[in-house]
Amino acid sequence: MKIKKLAIMLVFSLHPIASQAITLCQPDQAKPVFNLMIERSKKMKDVAATKFVHQQAIYDATQEEAVLHKCVEVAKRFNLSVEKFQIFVQLQMDFSKQIQSYWIKFWKTHPKEAPKREEIQPIEQLRAQIGEIDLQLYSTISQFMKATHCQASELRPSFQLMLSKSNETAQLHLLADMLLSTLILQKERE
């Protein structure tokens with residue numbers, strides 16, 4: 001069996017186009033994706049601060065509907081499965097709400113550490129920043145999908161290590177793991 005695999009690899013290595021098209025999983029190639037996912041999750045603390053100070057609900061149906069509507073166009077633009085991409089985006093929004101919920105609960109029980117009105121950013125400004133991160137993230141996901149063939153189990157250790165360095169809570173690690181698994185489902189698009 002190993003000889004057969006080696007023979008196939010040798011054949012592909014002799015053909016320049018084929019060798020470029022087939023790449024074994026290299027988890028380091030996913031670091032840009034992971035970094036953008038973590039950068040986006042960190043912005044949720046700022047969103048939570050704004051919602052906390054203004055006593056706004058975490059869930060914003062109008063905003064979520066607009067994001068989901070826009071993701072169809074984005075999926076097509078980046079050549080991603082629309083259905084699976086919508087699942088990814090919905091999980092990403094759910095993940096974001098969990099982060100916001102964590103911080104709002106924390107500030108309610110630790111009022112001395114709560115954000116002050118003068119420290120927060122307008123929600124529109126934060127949404128614009130998140131939108132920029134999202135476009136970078138989706139483009140990076142698309143490039144990653146074309147460049148490598150990874151399973152969630154191969155990427156999970158690298159992602160968990162990066163998350164641990166970002167000081168996110170254990171609960172968020174589990175949600176991030178679900179997000180990662182959904183991301184990998186994109187690889188199985190039609």
# chains A, B, ... in the order shown; residues from 1 in each chain; ligands from 1
>>> closest_atom_pairs(of="range 66-171 of chain A", to="range 44-60 of chain A", cutoff="10 Å", atoms="only C-alpha atoms", output="CSV")
residue,atom,partner,partner_atom,distance
A:Met93,CA,A:Tyr59,CA,9.5
A:Asp94,CA,A:Tyr59,CA,9.2
A:Phe95,CA,A:Met44,CA,9.4
A:Ser96,CA,A:Met44,CA,6.0
A:Lys97,CA,A:Ile58,CA,6.3
A:Gln98,CA,A:Ile58,CA,9.0
A:Ile99,CA,A:Met44,CA,6.3
A:Gln100,CA,A:Ala48,CA,4.6
A:Ser101,CA,A:Ile58,CA,7.1
A:Tyr102,CA,A:Ala48,CA,8.8
A:Trp103,CA,A:Ala48,CA,6.4
A:Ile104,CA,A:Phe52,CA,6.1
A:Lys105,CA,A:Phe52,CA,9.5
A:Trp107,CA,A:Phe52,CA,8.3
A:Lys108,CA,A:Phe52,CA,9.0
A:Ala114,CA,A:Ala49,CA,7.8
A:Pro115,CA,A:Ala49,CA,5.9
A:Lys116,CA,A:Val53,CA,6.9
A:Arg117,CA,A:Val53,CA,6.1
A:Glu118,CA,A:Val53,CA,9.7
A:Glu119,CA,A:Ala49,CA,8.5
A:Ile120,CA,A:Thr50,CA,5.6
A:Gln121,CA,A:Thr50,CA,6.5
A:Pro122,CA,A:Thr50,CA,6.9
A:Ile123,CA,A:Thr50,CA,6.6
A:Glu124,CA,A:Val47,CA,9.8
A:Gln125,CA,A:Val47,CA,9.9
A:Leu126,CA,A:Val47,CA,6.7
A:Arg127,CA,A:Val47,CA,8.4
A:Ile130,CA,A:Met44,CA,8.9
>>> write_last_selection(atoms="N, CA and C atoms", output="PDB file, in the first residue's frame")
ATOM      1  N   MET A  93     -21.769  34.039  14.028  1.00  0.00           N
ATOM      2  CA  MET A  93     -22.590  35.015  14.759  1.00  0.00           C
ATOM      3  C   MET A  93     -22.970  34.474  16.142  1.00  0.00           C
ATOM      4  N   ASP A  94     -23.297  33.179  16.219  1.00  0.00           N
ATOM      5  CA  ASP A  94     -23.628  32.579  17.518  1.00  0.00           C
ATOM      6  C   ASP A  94     -22.417  32.621  18.444  1.00  0.00           C
ATOM      7  N   PHE A  95     -21.255  32.332  17.896  1.00  0.00           N
ATOM      8  CA  PHE A  95     -20.002  32.403  18.637  1.00  0.00           C
ATOM      9  C   PHE A  95     -19.799  33.827  19.173  1.00  0.00           C
ATOM     10  N   SER A  96     -20.068  34.807  18.331  1.00  0.00           N
ATOM     11  CA  SER A  96     -19.926  36.214  18.719  1.00  0.00           C
ATOM     12  C   SER A  96     -20.880  36.586  19.849  1.00  0.00           C
ATOM     13  N   LYS A  97     -22.107  36.084  19.772  1.00  0.00           N
ATOM     14  CA  LYS A  97     -23.082  36.369  20.844  1.00  0.00           C
ATOM     15  C   LYS A  97     -22.643  35.741  22.163  1.00  0.00           C
ATOM     16  N   GLN A  98     -22.032  34.561  22.092  1.00  0.00           N
ATOM     17  CA  GLN A  98     -21.544  33.913  23.316  1.00  0.00           C
ATOM     18  C   GLN A  98     -20.434  34.746  23.960  1.00  0.00           C
ATOM     19  N   ILE A  99     -19.552  35.282  23.151  1.00  0.00           N
ATOM     20  CA  ILE A  99     -18.477  36.135  23.672  1.00  0.00           C
ATOM     21  C   ILE A  99     -19.080  37.380  24.313  1.00  0.00           C
ATOM     22  N   GLN A 100     -20.018  38.012  23.616  1.00  0.00           N
ATOM     23  CA  GLN A 100     -20.671  39.203  24.170  1.00  0.00           C
ATOM     24  C   GLN A 100     -21.370  38.872  25.482  1.00  0.00           C
ATOM     25  N   SER A 101     -22.065  37.760  25.515  1.00  0.00           N
ATOM     26  CA  SER A 101     -22.775  37.337  26.723  1.00  0.00           C
ATOM     27  C   SER A 101     -21.808  37.132  27.883  1.00  0.00           C
ATOM     28  N   TYR A 102     -20.681  36.506  27.594  1.00  0.00           N
ATOM     29  CA  TYR A 102     -19.661  36.284  28.625  1.00  0.00           C
ATOM     30  C   TYR A 102     -19.229  37.619  29.239  1.00  0.00           C
ATOM     31  N   TRP A 103     -18.881  38.583  28.384  1.00  0.00           N
ATOM     32  CA  TRP A 103     -18.380  39.862  28.899  1.00  0.00           C
ATOM     33  C   TRP A 103     -19.449  40.656  29.638  1.00  0.00           C
ATOM     34  N   ILE A 104     -20.657  40.653  29.140  1.00  0.00           N
ATOM     35  CA  ILE A 104     -21.732  41.395  29.812  1.00  0.00           C
ATOM     36  C   ILE A 104     -22.009  40.794  31.188  1.00  0.00           C
ATOM     37  N   LYS A 105     -22.042  39.481  31.277  1.00  0.00           N
ATOM     38  CA  LYS A 105     -22.223  38.828  32.586  1.00  0.00           C
ATOM     39  C   LYS A 105     -21.051  39.150  33.513  1.00  0.00           C
ATOM     40  N   TRP A 107     -19.105  41.834  33.505  1.00  0.00           N
ATOM     41  CA  TRP A 107     -19.173  43.217  33.960  1.00  0.00           C
ATOM     42  C   TRP A 107     -20.303  43.435  34.957  1.00  0.00           C
ATOM     43  N   LYS A 108     -21.382  42.678  34.820  1.00  0.00           N
ATOM     44  CA  LYS A 108     -22.469  42.799  35.799  1.00  0.00           C
ATOM     45  C   LYS A 108     -22.032  42.299  37.171  1.00  0.00           C
ATOM     46  N   ALA A 114     -16.173  47.225  34.591  1.00  0.00           N
ATOM     47  CA  ALA A 114     -17.062  47.480  33.454  1.00  0.00           C
ATOM     48  C   ALA A 114     -16.576  48.670  32.633  1.00  0.00           C
ATOM     49  N   PRO A 115     -16.826  48.650  31.331  1.00  0.00           N
ATOM     50  CA  PRO A 115     -16.410  49.766  30.476  1.00  0.00           C
ATOM     51  C   PRO A 115     -17.198  51.037  30.792  1.00  0.00           C
ATOM     52  N   LYS A 116     -16.563  52.156  30.548  1.00  0.00           N
ATOM     53  CA  LYS A 116     -17.193  53.462  30.743  1.00  0.00           C
ATOM     54  C   LYS A 116     -17.631  54.005  29.387  1.00  0.00           C
ATOM     55  N   ARG A 117     -18.607  54.868  29.419  1.00  0.00           N
ATOM     56  CA  ARG A 117     -19.166  55.439  28.184  1.00  0.00           C
ATOM     57  C   ARG A 117     -18.068  56.050  27.298  1.00  0.00           C
ATOM     58  N   GLU A 118     -17.109  56.717  27.887  1.00  0.00           N
ATOM     59  CA  GLU A 118     -16.065  57.374  27.095  1.00  0.00           C
ATOM     60  C   GLU A 118     -15.055  56.385  26.496  1.00  0.00           C
ATOM     61  N   GLU A 119     -15.122  55.120  26.892  1.00  0.00           N
ATOM     62  CA  GLU A 119     -14.188  54.102  26.395  1.00  0.00           C
ATOM     63  C   GLU A 119     -14.734  53.298  25.213  1.00  0.00           C
ATOM     64  N   ILE A 120     -15.992  53.467  24.927  1.00  0.00           N
ATOM     65  CA  ILE A 120     -16.602  52.615  23.906  1.00  0.00           C
ATOM     66  C   ILE A 120     -16.596  53.271  22.532  1.00  0.00           C
ATOM     67  N   GLN A 121     -16.768  52.424  21.511  1.00  0.00           N
ATOM     68  CA  GLN A 121     -16.861  52.887  20.131  1.00  0.00           C
ATOM     69  C   GLN A 121     -18.320  52.764  19.671  1.00  0.00           C
ATOM     70  N   PRO A 122     -18.737  53.595  18.736  1.00  0.00           N
ATOM     71  CA  PRO A 122     -20.090  53.450  18.193  1.00  0.00           C
ATOM     72  C   PRO A 122     -20.250  52.080  17.524  1.00  0.00           C
ATOM     73  N   ILE A 123     -21.421  51.501  17.663  1.00  0.00           N
ATOM     74  CA  ILE A 123     -21.681  50.164  17.106  1.00  0.00           C
ATOM     75  C   ILE A 123     -21.471  50.134  15.595  1.00  0.00           C
ATOM     76  N   GLU A 124     -21.803  51.217  14.889  1.00  0.00           N
ATOM     77  CA  GLU A 124     -21.620  51.271  13.435  1.00  0.00           C
ATOM     78  C   GLU A 124     -20.142  51.175  13.068  1.00  0.00           C
ATOM     79  N   GLN A 125     -19.301  51.845  13.854  1.00  0.00           N
ATOM     80  CA  GLN A 125     -17.860  51.797  13.618  1.00  0.00           C
ATOM     81  C   GLN A 125     -17.332  50.379  13.853  1.00  0.00           C
ATOM     82  N   LEU A 126     -17.793  49.745  14.907  1.00  0.00           N
ATOM     83  CA  LEU A 126     -17.375  48.375  15.200  1.00  0.00           C
ATOM     84  C   LEU A 126     -17.828  47.415  14.102  1.00  0.00           C
ATOM     85  N   ARG A 127     -19.052  47.580  13.638  1.00  0.00           N
ATOM     86  CA  ARG A 127     -19.563  46.709  12.571  1.00  0.00           C
ATOM     87  C   ARG A 127     -18.755  46.885  11.289  1.00  0.00           C
ATOM     88  N   ILE A 130     -15.536  44.989  11.843  1.00  0.00           N
ATOM     89  CA  ILE A 130     -15.800  43.550  11.759  1.00  0.00           C
ATOM     90  C   ILE A 130     -16.036  43.150  10.304  1.00  0.00           C
TER      91      ILE A 130
END
>>> select_by_dssp(residues="range 7-176 of chain A", states="alpha helix (DSSP H)", output="NGL selection string")
:A and (7-14 or 16-21 or 31-53 or 61-77 or 82-109 or 123-147 or 152-165 or 170-176)
>>> closest_residue(among="A:Gly131, A:Pro27, A:Pro157, A:Pro32", to="Val74 in chain A", atoms="only C-alpha atoms")
A:Gly131
>>> closest_residue(among="A:Arg156, A:Phe88, A:Leu36, A:Pro111", to="Ala75 in chain A", atoms="only C-alpha atoms")
A:Phe88
>>> atom_distance(atom1="CA of Val67 in chain A", atom2="CA of Lys42 in chain A")
18.8 Å
>>> atom_distance(atom1="CA of Lys31 in chain A", atom2="CA of Gln160 in chain A")
11.3 Å
>>> closest_residue(among="A:Ile87, A:Met145, A:Leu161, A:Leu68", to="Cys25 in chain A", atoms="only C-alpha atoms")
A:Met145
>>> residues_around(residues="Glu154 in chain A", least_positions_apart="3", cutoff="12 Å", atoms="only C-alpha atoms", output="VMD selection string")
chain A and resid 24 to 30 148 to 151 157 to 160 180 to 181 184
>>> atom_distance(atom1="CA of Ser139 in chain A", atom2="CA of Phe78 in chain A")
6.3 Å
